[in-house]
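Trainee: Have a look at the structure that comes next, please.
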Amino acid sequence: QSRIDAGIRRCFIHLLSRAAHVPKGNACLLNSHSAWHFLTGLQSDPDLYGDQGACIHAKVYALSFLLQRLDDHKLMIELGLMERLLEAKDQIKEEMLHRFEQPDLPDLRLPWIHCIISLVTLSGPKLFSGSKGKEFEQLIAGALDFANDLQFEGRMKIQSGATGLVLDLECQQALGAALAPFS
């Protein structure tokens, strides 16, 4: 029975992460509060997949696609987006401690930073001056912290010949370009 439950849970997580790709104006994830809260409440689960951070990856992957649509920002913020992104940042920081031992696993910081880039680019001025300004500043600080970590690790990637440096640099450049108008 537990294997069946785990299989159903894996399929549902996969379905929700792919539901973020629906056409503009049809954000089915946002119209179902239970699906939204399930997705945004995902945490590390070492027993569900071979990668204990896969649930977090599915969450930030879906959010990164949803956040590309400005029309949905207001509703996502009302549904607790800022708080969920702050929770995800803490989960990712914890998860990344284990990922250095397994460099083939995806870097969870990259899609999370992409979420912040979309927020800054599409809703930045409104968020800075709005009621969620403090949370928004915390998210930007988190993105800058992750970008600094990527830069430091980039030196180690060059020295060891590891892959992924291009993605790290592109992510840092995109974050810098998004934040530049606010400096």
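Residues are referred to by chain and number: the chain letter is A, B, ... according to the order shown in the structure tokens, the number counts from 1 in that chain, and ligands are numbered separately from 1 in the order shown.
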I'd like the neighbourhood of Gln52 (chain A) as a list in words, where a residue qualifies if any of its atoms comes within 12 Å (using only C-alpha atoms), though same-chain residues fewer than 3 positions away should be ignored.

Mentor: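 Residues meeting the cut-off are Leu42, Gln43, Ser44, Asp45, Pro46, Asp47, Leu48, Tyr49, Cys55, Ile56, His57, Ala58, Gln91, Ile92, Glu94, Glu95, Met96, His98, Arg99, Gln102, Leu105, Pro106 and Leu108 of chain A.
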
Trainee: Using only C-alpha atoms, which protein or nucleic acid residues come within 8 Å of region 114-116 of chain A? Drop anything in the same chain fewer than 6 positions from it, and give the result as a list in words.

Mentor: Val60, Leu63, Ser64, Leu67, Leu139, Ile140, Ala143, Cys171 and Leu175 of chain A

Trainee: Which is closest to Phe146 (chain A) among A:Trp112, A:Phe128, A:Phe65, A:Trp36, if we use only C-alpha atoms?

Mentor: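 Among A:Trp112, A:Phe128, A:Phe65, A:Trp36, it is A:Trp112 that comes nearest to Phe146 (chain A).
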
Trainee: Give me, as a ChimeraX atom specification, all polymer residues having an atom no more than 7 Å from Thr40 (chain A), counting only C-alpha atoms and skipping those fewer than 3 positions away in the same chain.

Mentor: /A:36-37,59,84

Trainee: Those same residues - N, CA, C and O atoms - I'd like them written as a JSON list (two decimals), in the first residue's frame.

Mentor:
[["chain", "number", "residue", "atom", "x", "y", "z"],
["A", 36, "TRP", "N", -2.39, 24.47, -5.23],
["A", 36, "TRP", "CA", -1.37, 25.49, -4.98],
["A", 36, "TRP", "C", -0.66, 25.23, -3.66],
["A", 36, "TRP", "O", 0.56, 25.25, -3.58],
["A", 37, "HIS", "N", -1.43, 25.00, -2.61],
["A", 37, "HIS", "CA", -0.83, 24.80, -1.28],
["A", 37, "HIS", "C", -0.05, 23.49, -1.20],
["A", 37, "HIS", "O", 0.96, 23.41, -0.51],
["A", 59, "LYS", "N", 8.86, 22.11, -7.07],
["A", 59, "LYS", "CA", 8.19, 23.32, -6.61],
["A", 59, "LYS", "C", 8.79, 24.57, -7.26],
["A", 59, "LYS", "O", 8.06, 25.37, -7.85],
["A", 84, "ARG", "N", 6.20, 31.61, 0.69],
["A", 84, "ARG", "CA", 6.59, 30.29, 0.16],
["A", 84, "ARG", "C", 7.99, 30.35, -0.46],
["A", 84, "ARG", "O", 8.76, 29.40, -0.36]]

Trainee: For Phe182 (chain A), please output as a ChimeraX atom specification all residues within 12 Å (counting only C-alpha atoms; exclusion window: fewer than 2 positions along the same chain).

Mentor: /A:120-121,124-125,128,137,140,175-180

Trainee: Could you take the residues named above and write them with C-alpha atoms, as an mmCIF file, in the first residue's frame?

Mentor:
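Contents of part_9.cif, freshly written:
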data_model
loop_
_atom_site.group_PDB
_atom_site.id
_atom_site.type_symbol
_atom_site.label_atom_id
_atom_site.label_comp_id
_atom_site.auth_asym_id
_atom_site.auth_seq_id
_atom_site.Cartn_x
_atom_site.Cartn_y
_atom_site.Cartn_z
ATOM 1 C CA VAL A 120 11.936 41.896 -10.023
ATOM 2 C CA THR A 121 11.523 42.328 -13.769
ATOM 3 C CA GLY A 124 9.572 45.069 -8.951
ATOM 4 C CA PRO A 125 8.486 48.694 -8.504
ATOM 5 C CA PHE A 128 9.233 47.595 -3.366
ATOM 6 C CA GLU A 137 13.878 42.819 -0.038
ATOM 7 C CA ILE A 140 16.439 39.895 -3.333
ATOM 8 C CA LEU A 175 20.052 38.753 -11.876
ATOM 9 C CA GLY A 176 22.398 41.711 -12.293
ATOM 10 C CA ALA A 177 20.478 42.952 -15.331
ATOM 11 C CA ALA A 178 17.171 42.668 -13.473
ATOM 12 C CA LEU A 179 18.442 44.559 -10.424
ATOM 13 C CA ALA A 180 20.444 47.256 -12.272
#

Trainee: Quick one: residues within 9 Å of Leu79 (chain A), only C-alpha atoms counted, chain neighbours fewer than 2 positions away excluded, as a PDB file with C-alpha atoms, in the first residue's frame?

Mentor:
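So the final result, stored in selection_17.pdb, reads:
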ATOM      1  CA  LEU A  30      -3.880  29.173  -9.107  1.00  0.00           C
ATOM      2  CA  HIS A  33      -6.121  26.441  -3.688  1.00  0.00           C
ATOM      3  CA  TRP A  36      -1.370  25.491  -4.983  1.00  0.00           C
ATOM      4  CA  HIS A  37      -0.829  24.801  -1.281  1.00  0.00           C
ATOM      5  CA  LYS A  74      -1.132  39.534  -7.855  1.00  0.00           C
ATOM      6  CA  LEU A  75      -3.056  36.321  -7.200  1.00  0.00           C
ATOM      7  CA  MET A  76       0.114  34.367  -6.363  1.00  0.00           C
ATOM      8  CA  ILE A  77       1.162  37.059  -3.890  1.00  0.00           C
ATOM      9  CA  LEU A  81       3.969  33.454  -2.764  1.00  0.00           C
ATOM     10  CA  MET A  82       6.493  35.624  -0.925  1.00  0.00           C
TER      11      MET A  82
END

Trainee: Residues near Asp145 (chain A), anyone? I mean within 12 Å using only C-alpha atoms, not counting same-chain ones fewer than 2 positions away, as an mmCIF file with C-alpha atoms, in the first residue's frame.

Mentor:
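See selection.cif below for the written result:
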data_model
loop_
_atom_site.group_PDB
_atom_site.id
_atom_site.type_symbol
_atom_site.label_atom_id
_atom_site.label_comp_id
_atom_site.auth_asym_id
_atom_site.auth_seq_id
_atom_site.Cartn_x
_atom_site.Cartn_y
_atom_site.Cartn_z
ATOM 1 C CA LYS A 89 15.143 29.551 0.038
ATOM 2 C CA ASP A 90 15.743 28.060 3.477
ATOM 3 C CA LYS A 93 20.167 26.294 1.615
ATOM 4 C CA ARG A 109 19.421 27.758 -6.542
ATOM 5 C CA TRP A 112 14.874 29.864 -7.376
ATOM 6 C CA ILE A 113 16.943 32.836 -8.562
ATOM 7 C CA GLN A 138 14.574 39.529 1.779
ATOM 8 C CA LEU A 139 14.045 37.612 -1.450
ATOM 9 C CA ILE A 140 16.439 39.895 -3.333
ATOM 10 C CA ALA A 141 19.026 39.510 -0.559
ATOM 11 C CA GLY A 142 18.628 35.727 -0.801
ATOM 12 C CA ALA A 143 19.110 35.820 -4.564
ATOM 13 C CA ALA A 147 24.605 34.386 -6.722
ATOM 14 C CA ASN A 148 27.663 35.047 -4.548
ATOM 15 C CA ASP A 149 27.793 31.361 -3.621
ATOM 16 C CA LEU A 150 27.634 30.462 -7.316
ATOM 17 C CA GLN A 151 30.491 32.845 -8.059
ATOM 18 C CA PHE A 152 32.676 31.361 -5.338
ATOM 19 C CA GLN A 172 24.310 35.858 -12.219
ATOM 20 C CA LEU A 175 20.052 38.753 -11.876
#
